[in-house]
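A.B. asks: Supplied structure: work.txt, compact mmCIF, C-alpha atoms.
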# COMPACT_ATOMS: atom_id res chain seq x y z
CA MET W 884 244.13 -123.91 63.20
CA PRO W 885 245.50 -126.44 65.74
CA SER W 886 249.22 -127.01 66.14
CA ILE W 887 250.60 -129.81 63.98
CA SER W 888 252.09 -131.39 67.09
CA GLY W 889 248.74 -131.33 68.88
CA PRO W 890 247.83 -129.86 72.26
CA PRO W 891 250.19 -130.37 75.19
CA ILE W 892 249.35 -133.32 77.42
CA ALA W 893 249.85 -132.93 81.16
CA TYR W 894 252.43 -135.37 82.53
CA SER W 895 251.18 -137.89 85.08
CA ARG W 896 252.58 -141.10 86.54
CA ASP W 897 249.20 -142.84 86.55
CA TYR W 898 249.66 -145.33 83.73
CA LYS W 899 246.00 -146.42 83.58
CA LYS W 900 244.78 -142.82 83.25
CA LYS W 901 247.33 -142.15 80.53
CA TYR W 902 246.29 -145.27 78.65
CA ASP W 903 242.61 -144.32 78.84
CA LEU W 904 243.43 -140.77 77.67
CA LEU W 905 245.44 -142.15 74.76
CA GLN W 906 242.62 -144.43 73.63
CA SER W 907 240.01 -141.68 73.90
CA SER W 908 242.24 -139.23 72.00
CA LEU W 909 243.02 -141.44 69.01
CA THR W 910 241.03 -140.44 65.95
CA ARG W 911 238.63 -143.03 64.59
CA PRO W 912 238.27 -143.26 60.80
CA ASN W 913 235.18 -142.37 58.83
CA GLY W 914 236.39 -144.59 56.01
CA PRO W 915 236.40 -148.38 55.69
CA ASN W 916 234.75 -150.50 58.37
CA LYS W 917 237.15 -153.40 57.97
CA PHE W 918 240.75 -153.99 56.91
CA GLU W 919 241.27 -157.53 55.64
CA ILE W 920 244.71 -159.11 55.83
CA LYS W 921 245.12 -162.57 54.34
CA VAL W 922 248.47 -164.24 54.97
CA ARG W 923 250.15 -167.61 54.77
CA ARG W 924 251.61 -168.85 58.03
CA ASN W 925 254.87 -169.93 56.41
CA SER W 926 255.43 -166.49 54.86
CA ILE W 927 253.69 -164.22 57.33
CA LEU W 928 256.42 -161.57 57.26
CA GLU W 929 256.59 -161.23 53.47
CA ASP W 930 252.80 -161.29 53.03
CA SER W 931 252.20 -158.76 55.81
CA PHE W 932 254.97 -156.48 54.54
CA ARG W 933 253.49 -156.47 51.04
CA ILE W 934 249.95 -155.73 52.22
CA ILE W 935 250.67 -153.09 54.87
CA SER W 936 253.44 -151.30 52.95
CA ASN W 937 251.12 -150.85 49.97
CA VAL W 938 248.41 -149.12 52.02
CA SER W 939 248.28 -145.47 50.96
CA ARG W 940 245.37 -144.43 53.19
CA VAL W 941 246.26 -144.78 56.87
CA ASP W 942 242.54 -144.98 57.68
CA TYR W 943 242.64 -148.57 56.45
CA LEU W 944 245.15 -149.45 59.16
CA LYS W 945 242.79 -147.95 61.74
CA ALA W 946 239.75 -149.90 60.55
CA LYS W 947 238.64 -153.07 62.31
CA LEU W 948 241.21 -155.77 61.60
CA TRP W 949 240.06 -158.94 59.89
CA ILE W 950 242.88 -161.46 59.76
CA GLU W 951 242.63 -164.60 57.66
CA PHE W 952 245.22 -167.35 57.56
CA ASP W 953 245.32 -169.05 54.17
CA ASN W 954 243.31 -172.29 53.97
CA GLU W 955 241.90 -171.80 57.49
CA ASP W 956 238.17 -171.21 57.88
CA VAL W 957 238.20 -169.19 61.12
CA LEU W 958 236.26 -165.97 61.74
CA ASP W 959 238.25 -163.15 63.35
CA TYR W 960 236.51 -162.16 66.55
CA GLY W 961 239.82 -161.17 68.14
CA GLY W 962 241.78 -164.41 68.33
CA PRO W 963 243.33 -164.41 64.83
CA SER W 964 244.29 -160.73 65.22
CA ARG W 965 246.13 -161.41 68.48
CA GLU W 966 247.81 -164.43 66.92
CA TRP W 967 248.82 -162.39 63.86
CA PHE W 968 250.57 -159.75 66.00
CA TYR W 969 252.27 -162.51 68.01
CA LEU W 970 253.50 -164.53 65.02
CA LEU W 971 254.49 -161.44 63.05
CA SER W 972 256.49 -160.14 66.03
CA LYS W 973 258.45 -163.38 66.13
CA GLU W 974 259.47 -162.83 62.51
CA MET W 975 259.96 -159.04 62.40
CA PHE W 976 262.31 -159.02 65.36
CA ASN W 977 264.14 -162.26 64.59
CA PRO W 978 267.87 -161.35 64.40
CA TYR W 979 268.13 -163.78 61.47
CA TYR W 980 266.66 -161.11 59.18
CA GLY W 981 269.34 -158.59 60.09
CA LEU W 982 267.06 -155.73 61.15
CA PHE W 983 267.39 -156.16 64.91
CA GLU W 984 269.92 -157.79 67.21
CA TYR W 985 270.08 -158.65 70.89
CA SER W 986 271.78 -156.28 73.30
CA SER W 987 275.30 -157.23 74.30
CA THR W 988 274.22 -158.35 77.78
CA ASP W 989 271.30 -160.72 77.13
CA LYS W 990 269.29 -162.64 74.56
CA TYR W 991 265.88 -161.11 75.09
CA THR W 992 266.11 -157.31 74.74
CA LEU W 993 266.41 -156.00 71.19
CA GLN W 994 268.15 -153.08 69.52
CA ILE W 995 268.32 -151.86 65.93
CA ARG W 996 271.18 -153.42 63.99
CA PRO W 997 273.43 -150.59 62.74
CA PHE W 998 274.42 -152.47 59.57
CA SER W 999 270.89 -153.56 58.65
CA GLY W 1000 271.30 -151.96 55.20
CA ARG W 1001 274.11 -154.36 54.36
CA CYS W 1002 271.86 -157.31 55.15
CA ASN W 1003 268.67 -156.08 53.49
CA GLU W 1004 268.57 -153.40 50.79
CA LEU W 1005 264.90 -152.76 51.61
CA HIS W 1006 265.68 -152.28 55.30
CA LEU W 1007 264.24 -148.75 55.58
CA ALA W 1008 260.97 -149.86 53.98
CA TYR W 1009 260.87 -152.71 56.49
CA PHE W 1010 261.49 -150.35 59.41
CA LYS W 1011 258.60 -148.14 58.27
CA PHE W 1012 256.44 -151.26 57.99
CA ILE W 1013 257.47 -152.36 61.50
CA GLY W 1014 256.65 -148.88 62.79
CA ARG W 1015 253.19 -149.16 61.24
CA VAL W 1016 252.66 -152.57 62.84
CA ALA W 1017 253.77 -151.21 66.24
CA GLY W 1018 251.36 -148.30 65.84
CA MET W 1019 248.57 -150.65 64.79
CA ALA W 1020 249.18 -152.79 67.88
CA ILE W 1021 248.72 -149.81 70.21
CA TYR W 1022 245.81 -148.43 68.21
CA HIS W 1023 243.91 -151.73 68.28
CA GLY W 1024 244.85 -152.60 71.86
CA LYS W 1025 247.13 -155.49 70.94
CA LEU W 1026 250.72 -156.29 71.99
CA LEU W 1027 254.07 -156.99 70.37
CA ASP W 1028 256.01 -160.04 71.49
CA ALA W 1029 259.30 -158.17 71.80
CA PHE W 1030 261.13 -156.03 74.33
CA PHE W 1031 263.64 -153.34 73.44
CA ILE W 1032 266.57 -151.66 75.13
CA ARG W 1033 265.69 -148.57 77.17
CA PRO W 1034 267.37 -146.14 74.71
CA PHE W 1035 265.00 -147.37 71.97
CA TYR W 1036 261.99 -146.17 73.94
CA LYS W 1037 263.75 -142.91 74.84
CA MET W 1038 264.45 -142.26 71.15
CA MET W 1039 260.76 -142.79 70.42
CA LEU W 1040 260.02 -140.10 73.01
CA GLU W 1041 262.85 -137.82 71.79
CA LYS W 1042 264.43 -137.91 75.25
CA GLU W 1043 268.13 -137.55 76.01
CA ILE W 1044 270.06 -140.80 76.37
CA THR W 1045 272.51 -140.73 79.27
CA LEU W 1046 275.46 -142.78 80.43
CA LYS W 1047 273.37 -144.73 82.93
CA ASP W 1048 271.11 -145.90 80.08
CA MET W 1049 274.13 -147.74 78.68
CA GLU W 1050 274.72 -149.88 81.75
CA SER W 1051 272.19 -152.61 81.00
CA VAL W 1052 272.85 -152.52 77.25
CA ASP W 1053 276.60 -152.41 76.67
CA THR W 1054 278.52 -152.94 79.88
CA GLU W 1055 281.94 -152.78 78.22
CA TYR W 1056 281.29 -149.29 76.88
CA TYR W 1057 279.63 -148.25 80.13
CA ASN W 1058 282.62 -149.25 82.24
CA SER W 1059 285.07 -147.64 79.81
CA LEU W 1060 283.20 -144.34 79.72
CA LYS W 1061 282.67 -144.34 83.48
CA TYR W 1062 286.42 -144.80 83.95
CA ILE W 1063 287.10 -141.87 81.62
CA LEU W 1064 284.57 -139.77 83.52
CA GLN W 1065 286.26 -140.48 86.85
CA ASN W 1066 289.89 -140.24 85.70
CA ASP W 1067 292.19 -138.17 83.52
CA PRO W 1068 291.97 -139.82 80.06
CA SER W 1069 295.12 -138.17 78.68
CA GLU W 1070 297.24 -141.24 79.39
CA LEU W 1071 294.84 -143.44 77.38
CA TYR W 1072 295.80 -141.72 74.10
CA LEU W 1073 292.22 -141.60 72.86
CA ASN W 1074 290.91 -139.34 70.13
CA PHE W 1075 287.46 -138.34 68.90
CA SER W 1076 287.01 -141.42 66.74
CA ILE W 1077 285.60 -144.92 67.16
CA ASP W 1078 286.59 -148.23 65.62
CA GLU W 1079 283.48 -149.93 64.28
CA LYS W 1080 283.60 -153.60 63.32
CA PHE W 1081 281.42 -155.29 60.70
CA PHE W 1082 282.29 -158.99 60.59
CA ASP W 1083 286.09 -158.91 60.08
CA VAL W 1084 286.30 -155.38 58.70
CA VAL W 1085 287.18 -152.52 61.09
CA GLU W 1086 286.26 -148.98 60.06
CA GLU W 1087 287.28 -145.78 61.83
CA LYS W 1088 284.37 -143.42 62.47
CA GLU W 1089 285.08 -139.84 63.48
CA LEU W 1090 282.80 -138.49 66.20
CA LYS W 1091 283.28 -134.93 64.95
CA PRO W 1092 285.10 -133.28 62.01
CA ASN W 1093 288.83 -134.13 62.15
CA GLY W 1094 288.07 -136.16 65.28
CA ALA W 1095 290.95 -138.56 64.63
CA GLN W 1096 293.31 -135.64 65.15
CA ILE W 1097 291.72 -134.37 68.39
CA PRO W 1098 292.98 -136.01 71.62
CA VAL W 1099 290.61 -136.69 74.51
CA THR W 1100 291.65 -134.65 77.54
CA ASN W 1101 290.33 -133.91 81.00
CA GLU W 1102 288.85 -130.71 79.60
CA ASN W 1103 286.89 -132.23 76.70
CA LYS W 1104 286.09 -135.70 78.08
CA HIS W 1105 282.42 -134.84 78.76
CA GLU W 1106 281.97 -133.90 75.10
CA TYR W 1107 283.69 -137.15 74.09
CA ILE W 1108 281.41 -139.25 76.33
CA ASN W 1109 278.29 -137.53 75.00
CA LEU W 1110 279.40 -138.08 71.40
CA VAL W 1111 280.13 -141.77 72.05
CA ILE W 1112 276.68 -142.22 73.60
CA ASP W 1113 275.09 -140.45 70.63
CA TRP W 1114 277.05 -142.64 68.20
CA ARG W 1115 276.27 -145.85 70.10
CA PHE W 1116 272.52 -145.33 70.28
CA VAL W 1117 271.40 -142.54 67.95
CA SER W 1118 273.45 -141.42 64.96
CA ARG W 1119 274.40 -144.81 63.52
CA VAL W 1120 270.79 -146.05 63.53
CA LYS W 1121 269.09 -142.72 62.78
CA PRO W 1122 267.84 -143.66 59.27
CA GLN W 1123 266.28 -146.85 60.64
CA MET W 1124 264.72 -145.08 63.63
CA ASP W 1125 263.39 -142.25 61.47
CA SER W 1126 261.72 -144.80 59.17
CA PHE W 1127 260.26 -146.69 62.13
CA LEU W 1128 258.84 -143.47 63.61
CA GLU W 1129 257.48 -142.38 60.23
CA GLY W 1130 255.30 -145.48 60.18
CA PHE W 1131 254.52 -145.43 63.91
CA ASN W 1132 253.44 -141.77 64.04
CA GLU W 1133 251.01 -142.30 61.17
CA LEU W 1134 248.84 -144.06 63.74
CA ILE W 1135 250.05 -142.71 67.10
CA PRO W 1136 250.80 -138.95 67.09
CA LYS W 1137 253.92 -137.69 68.85
CA HIS W 1138 252.09 -135.46 71.31
CA LEU W 1139 250.05 -138.40 72.61
CA ILE W 1140 252.90 -140.86 73.04
CA LYS W 1141 255.02 -138.28 74.86
CA MET W 1142 252.80 -138.30 77.93
CA PHE W 1143 254.33 -141.71 78.73
CA ASP W 1144 257.85 -142.20 80.07
CA GLU W 1145 260.14 -144.83 78.58
CA ASN W 1146 259.18 -147.47 81.16
CA GLU W 1147 255.47 -146.93 80.58
CA LEU W 1148 256.02 -147.03 76.82
CA GLU W 1149 257.50 -150.51 77.18
CA LEU W 1150 254.39 -151.61 79.06
CA LEU W 1151 252.16 -149.97 76.44
CA MET W 1152 253.86 -151.72 73.52
CA CYS W 1153 254.73 -155.06 75.08
CA GLY W 1154 252.23 -155.50 77.88
CA ILE W 1155 252.21 -156.13 81.58
CA GLY W 1156 253.09 -159.74 82.18
CA ASN W 1157 251.94 -161.91 85.04
CA VAL W 1158 255.06 -161.90 87.19
CA ASP W 1159 255.55 -165.18 89.04
CA VAL W 1160 256.54 -163.93 92.51
CA LYS W 1161 257.21 -167.46 93.77
CA ASP W 1162 259.74 -168.07 90.98
CA TRP W 1163 261.23 -164.60 91.50
CA LYS W 1164 261.68 -165.19 95.23
CA HIS W 1165 263.13 -168.67 94.67
CA ASN W 1166 265.77 -167.25 92.29
CA THR W 1167 266.94 -164.28 94.37
CA VAL W 1168 270.23 -164.04 96.24
CA TYR W 1169 271.04 -161.82 99.22
CA LYS W 1170 274.21 -159.98 100.20
CA GLY W 1171 275.59 -157.68 102.89
CA GLY W 1172 273.96 -159.49 105.80
CA TYR W 1173 270.52 -160.01 104.30
CA HIS W 1174 268.99 -163.48 104.09
CA LEU W 1175 265.60 -164.94 103.28
CA ASN W 1176 264.37 -164.77 106.89
CA HIS W 1177 265.66 -161.24 107.59
CA ILE W 1178 262.74 -159.01 108.60
CA VAL W 1179 263.56 -156.42 105.89
CA ILE W 1180 263.56 -159.13 103.22
CA GLN W 1181 260.25 -160.47 104.53
CA TRP W 1182 258.86 -156.94 104.29
CA PHE W 1183 260.25 -156.61 100.75
CA TRP W 1184 258.45 -159.70 99.49
CA ARG W 1185 255.30 -158.62 101.31
CA VAL W 1186 255.52 -155.34 99.39
CA VAL W 1187 256.00 -157.19 96.09
CA LEU W 1188 252.94 -159.33 96.81
CA SER W 1189 250.93 -156.17 97.54
CA PHE W 1190 251.86 -154.71 94.14
CA ASN W 1191 249.70 -155.22 91.08
CA ASN W 1192 251.34 -156.56 87.91
CA GLU W 1193 252.07 -153.05 86.63
CA MET W 1194 254.07 -152.13 89.74
CA ARG W 1195 255.87 -155.48 89.74
CA SER W 1196 256.86 -154.83 86.13
CA ARG W 1197 258.04 -151.33 87.04
CA LEU W 1198 260.15 -152.78 89.87
CA LEU W 1199 261.73 -155.23 87.43
CA GLN W 1200 262.46 -152.36 85.04
CA PHE W 1201 264.06 -150.39 87.86
CA VAL W 1202 266.42 -153.21 88.87
CA THR W 1203 267.08 -155.10 85.61
CA GLY W 1204 266.42 -152.48 82.93
CA THR W 1205 263.43 -154.30 81.43
CA SER W 1206 260.10 -155.75 82.54
CA ARG W 1207 260.85 -158.84 80.45
CA VAL W 1208 261.39 -162.12 82.29
CA PRO W 1209 263.28 -164.79 80.29
CA MET W 1210 261.18 -167.58 78.81
CA ASN W 1211 262.38 -170.10 81.42
CA GLY W 1212 261.92 -167.77 84.36
CA PHE W 1213 264.09 -165.78 86.73
CA LYS W 1214 266.80 -168.44 86.86
CA GLU W 1215 267.90 -167.27 83.39
CA LEU W 1216 268.28 -163.55 84.13
CA TYR W 1217 271.43 -162.18 82.52
CA GLY W 1218 273.80 -159.48 83.73
CA SER W 1219 276.97 -157.96 82.33
CA ASN W 1220 279.03 -161.09 83.04
CA GLY W 1221 276.54 -163.71 81.93
CA PRO W 1222 273.85 -165.36 84.10
CA GLN W 1223 273.08 -163.11 87.06
CA LEU W 1224 270.23 -163.79 89.48
CA PHE W 1225 268.14 -161.00 90.98
CA THR W 1226 270.13 -159.73 93.97
CA ILE W 1227 269.23 -157.70 97.06
CA GLU W 1228 272.12 -156.17 99.01
CA LYS W 1229 272.07 -154.25 102.30
CA TRP W 1230 273.25 -150.70 101.66
CA GLY W 1231 273.03 -147.12 102.88
CA SER W 1232 271.13 -145.43 105.68
CA GLN W 1233 267.42 -145.43 106.41
CA GLN W 1234 267.17 -141.96 104.88
CA ASN W 1235 268.29 -143.26 101.48
CA LEU W 1236 265.95 -144.45 98.77
CA PRO W 1237 266.76 -147.87 97.30
CA ARG W 1238 269.03 -147.77 94.25
CA SER W 1239 269.71 -150.24 91.47
CA HIS W 1240 272.57 -151.54 89.31
CA THR W 1241 270.96 -152.82 86.14
CA CYS W 1242 274.07 -154.53 84.77
CA PHE W 1243 274.14 -156.74 87.90
CA ASN W 1244 270.35 -157.07 88.40
CA ARG W 1245 271.01 -155.76 91.91
CA LEU W 1246 268.82 -153.77 94.28
CA ASP W 1247 270.64 -151.88 97.04
CA LEU W 1248 268.12 -151.85 99.88
CA PRO W 1249 268.65 -149.94 103.15
CA CYS W 1250 267.72 -151.63 106.42
CA TYR W 1251 264.47 -149.78 107.07
CA GLU W 1252 262.71 -149.75 110.44
CA SER W 1253 259.22 -150.58 109.23
CA TYR W 1254 257.25 -152.19 106.44
CA THR W 1255 255.53 -148.89 105.67
CA ASP W 1256 258.82 -147.01 105.34
CA LEU W 1257 260.23 -149.69 103.02
CA ARG W 1258 257.12 -149.69 100.84
CA ASP W 1259 256.94 -145.90 100.58
CA LYS W 1260 260.62 -145.49 99.73
CA LEU W 1261 260.63 -148.36 97.24
CA ILE W 1262 257.68 -146.82 95.39
CA LYS W 1263 259.41 -143.42 95.38
CA ALA W 1264 262.55 -145.02 93.96
CA ILE W 1265 260.61 -146.83 91.22
CA GLU W 1266 258.53 -143.81 90.27
CA GLY W 1267 261.33 -141.29 90.56
CA SER W 1268 264.36 -143.12 89.13
CA GLU W 1269 264.61 -140.66 86.25
CA THR W 1270 264.52 -137.70 88.61
CA TYR W 1271 266.77 -138.56 91.50
CA GLY W 1272 269.20 -140.86 89.74
CA GLY W 1273 268.50 -144.09 91.56
CA VAL W 1274 269.79 -146.24 88.70
CA ASP W 1275 273.55 -146.70 88.32
Could you take the file, read its structure, and then write that structure out as C-alpha cells?
C.D. replies:
Amino acid sequence: MPSISGPPIAYSRDYKKKYDLLQSSLTRPNGPNKFEIKVRRNSILEDSFRIISNVSRVDYLKAKLWIEFDNEDVLDYGGPSREWFYLLSKEMFNPYYGLFEYSSTDKYTLQIRPFSGRCNELHLAYFKFIGRVAGMAIYHGKLLDAFFIRPFYKMMLEKEITLKDMESVDTEYYNSLKYILQNDPSELYLNFSIDEKFFDVVEEKELKPNGAQIPVTNENKHEYINLVIDWRFVSRVKPQMDSFLEGFNELIPKHLIKMFDENELELLMCGIGNVDVKDWKHNTVYKGGYHLNHIVIQWFWRVVLSFNNEMRSRLLQFVTGTSRVPMNGFKELYGSNGPQLFTIEKWGSQQNLPRSHTCFNRLDLPCYESYTDLRDKLIKAIEGSETYGGVD
C-alpha cells in the first residue's frame, strides 16, 4: 500500500520540469465530466463560497470547469473560467472582508489577518474555501490575482521561517530582533510575552508558559527570537492556515507541492508576469560609485534582457521579496520607509556573490571584471539565496 504522503519527489531547480511533473502527477477524475458554477457578478464571492463549500466529492472540483455568469449567454471555452478566478481573487483577498491584510511594508503583498475570526464568524470555512479555490487554480492551470508574503508560501511547504524572512514583511520587528541578536538584551527589560493590539485593545500574549515572568537574557535571546517569529507568522494564524491547507491539499497533495521552493510556489500560484525592463531600468537608482553608464551596470541590464520572464521574476523576488510589480509600475515600489525605488549599490569583492536587502529593494553588486562573471554569479545568488544566505 503506498504511503499516504506519496512517493518522495527529487528536488530540482528547473521550474518548467517541476511544473510538467506536477501536472502529469495530478490524478484525473473518473467521475463527472463537467463542474458547472453559475454566479452573479455582484455577489461572486458569496455565490462561489456557497457552491464550492457544499461540494462533498472533490472529483467535482477536478472536472472541467464550466463557468456561467448570470444573465450572460457566453459559452465557457476558457475565457469565463479565467475571468472567474480573476474576479473571485479580487474579492477573496480584499482586506475589506477581514480575512487578509497587506503586509506592514506595502499595499500589494498579502498575509492572513490574525483576528479574522472577530470580523467573520465563518472565517475558517472561508479559509478552507479559499484553499480549495487556490488548489483548483493550480489543478486547472489558472492563476490567482494575489501575491502573498514569503512566510505564507513557506508555511504551505512546512519550511522553517527565519529572521531574514521578516525583513520584507515587518521591518519594525526585524530591526528590533536583529538588535537583540547583536546586543545584550538584559538592559531592555524584555520578557517572554508580546503585546498584541486589536483596534484600541492591547492584550498580553505569553510566548511560553509563565513567559511574562521570564526575562530575556543574552543566554536565552535566541529562543526568544524564534518564539517571536513563530508567534508573528505561525501560531496566531495556525487555525486559518490549517483550514486553507485542508482545502488546498484536497486537490494538490503535499508531496507534490513540496518539490517547489517558496519562490517557485509564488510563480506557480500567481504566474510569471511580463516584466517591463524599460520601466524597471528607468526607475532604478545607483549608489557607491555606480551610474547608468558604468560598464558593470550596462552588463547588469544586458543580463536582465537575456533572462526569460521566469528568471526576471526570480531576480525581483531575490531583491524585493516578491515577483509582484505594483499596478503603476516600478516607480511605486515600497520599502520599509515608504516608497523605495529599485537600487543597485557597489559592494564587496569580485569573489562575492551579489546580496540583497529586501526591506530597501537594494541589490549589493560587486564590481565584476566581465559580463560572464556577473551573469554567472547573479544566477548563483538568485538560485542559491536559501542556501548561502544572500538575502539580509
A.B. asks: Excluding region 1231-1241 of chain W and residues on its chain fewer than 6 positions from it, collect all residues at most 10 Å away from it, counting all atoms listed in the file, and give them as number ranges by chain.
C.D. replies: W: 1047-1052, 1054, 1199-1205, 1218-1219, 1225, 1247-1252, 1256-1257, 1259-1265, 1267-1268, 1271-1275
A.B. asks: When distances are computed from only C-alpha atoms, which of W:Lys1121, W:Glu1228, W:Asn1101, W:Leu1046 shows the smallest separation from Tyr1072 (chain W)?
C.D. replies: W:Asn1101
A.B. asks: I'd like the interatomic distance between CA of Glu951 (chain W) and CA of Leu1134 (chain W), to a tenth of an Å.
C.D. replies: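 Taking CA of Glu951 (chain W) as the start and CA of Leu1134 (chain W) as the end point, the length is 22.3 Å.
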A.B. asks: Looking at W:Leu904, W:Leu971, W:Ile920, W:Ile1135, which one is nearest to Ile950 (chain W), with distances taken over all atoms listed in the file?
C.D. replies: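 The answer is W:Ile920, which sits nearest to Ile950 (chain W).
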A.B. asks: Measuring between all atoms listed in the file, which one of W:Ser1076, W:Glu1106, W:Tyr1057, W:Cys1153 shows the shortest distance to Gly1024 (chain W)?
C.D. replies: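 Looking only at the distances to Gly1024 (chain W), the closest residue turns out to be W:Cys1153.
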A.B. asks: Using all atoms listed in the file, which of W:Val1208, W:Leu1071, W:Leu1128, W:Ile1077 sits nearest Ile1155 (chain W)?
C.D. replies: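 Nearest to Ile1155 (chain W): W:Val1208.
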A.B. asks: If I take CA of His1138 (chain W) and CA of Leu905 (chain W), how far is one from the other in Å, to one decimal?
C.D. replies: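 About the pair CA of His1138 (chain W) and CA of Leu905 (chain W): they are 10.0 Å apart.
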A.B. asks: Residues of region 1114-1200 of chain W within 10 Å of region 981-994 of chain W: nearest atom pair and distance (Å, one decimal) for each, counting all atoms listed in the file, sorted by chain and number, as a Markdown table?
C.D. replies:
| residue | atom | partner | partner_atom | distance |
| --- | --- | --- | --- | --- |
| W:Phe1116 | CA | W:Gln994 | CA | 8.9 |
| W:Val1120 | CA | W:Gln994 | CA | 9.6 |
| W:Gln1123 | CA | W:Leu982 | CA | 8.9 |
A.B. asks: Restricting the calculation to only C-alpha atoms, which member of W:Asp1028, W:Glu974, W:Glu1055, W:Glu1043 is positioned closest to Val1117 (chain W)?
C.D. replies: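 Selected residue with least distance to Val1117 (chain W): W:Glu1043.
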A.B. asks: Would you mind telling me which residue in W:Val1179, W:Phe1190, W:Ser1253, W:Arg1195 lies nearest to Ile1227 (chain W) when using only C-alpha atoms?
C.D. replies: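 For Ile1227 (chain W), the nearest of the candidates is W:Val1179.
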A.B. asks: For the atom pair CA of Phe998 (chain W) and CA of Asp1113 (chain W), what is the interatomic distance in Å to one decimal place?
C.D. replies: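 CA of Phe998 (chain W) sits 16.3 Å away from CA of Asp1113 (chain W).
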A.B. asks: Which residues, written as a list in words, have at least one atom at most 12 Å from Glu1079 (chain W), with only C-alpha atoms counted and residues fewer than 5 positions away on the same chain left out?
C.D. replies: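 Near neighbours after the sequence-gap exclusion: Pro997, Phe998, Val1084, Val1085, Glu1086, Glu1087, Lys1088, Glu1089, Leu1090, Val1111, Trp1114, Arg1115 and Arg1119 of chain W.
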A.B. asks: May I have the residues within 6 Å of region 915-919 of chain W as a ChimeraX atom specification, using only C-alpha atoms and disregarding those fewer than 4 positions away in the same chain?
C.D. replies: /W:943,946-950
A.B. asks: Take the residues from that selection and put them in a file with C-alpha atoms, as a tab-separated table (two decimals), keeping the file's coordinate frame.
C.D. replies:
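Generated output (again-v1.tsv):
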chain	number	residue	atom	x	y	z
W	943	TYR	CA	242.64	-148.57	56.45
W	946	ALA	CA	239.75	-149.90	60.55
W	947	LYS	CA	238.64	-153.07	62.31
W	948	LEU	CA	241.21	-155.77	61.60
W	949	TRP	CA	240.06	-158.94	59.89
W	950	ILE	CA	242.88	-161.46	59.76
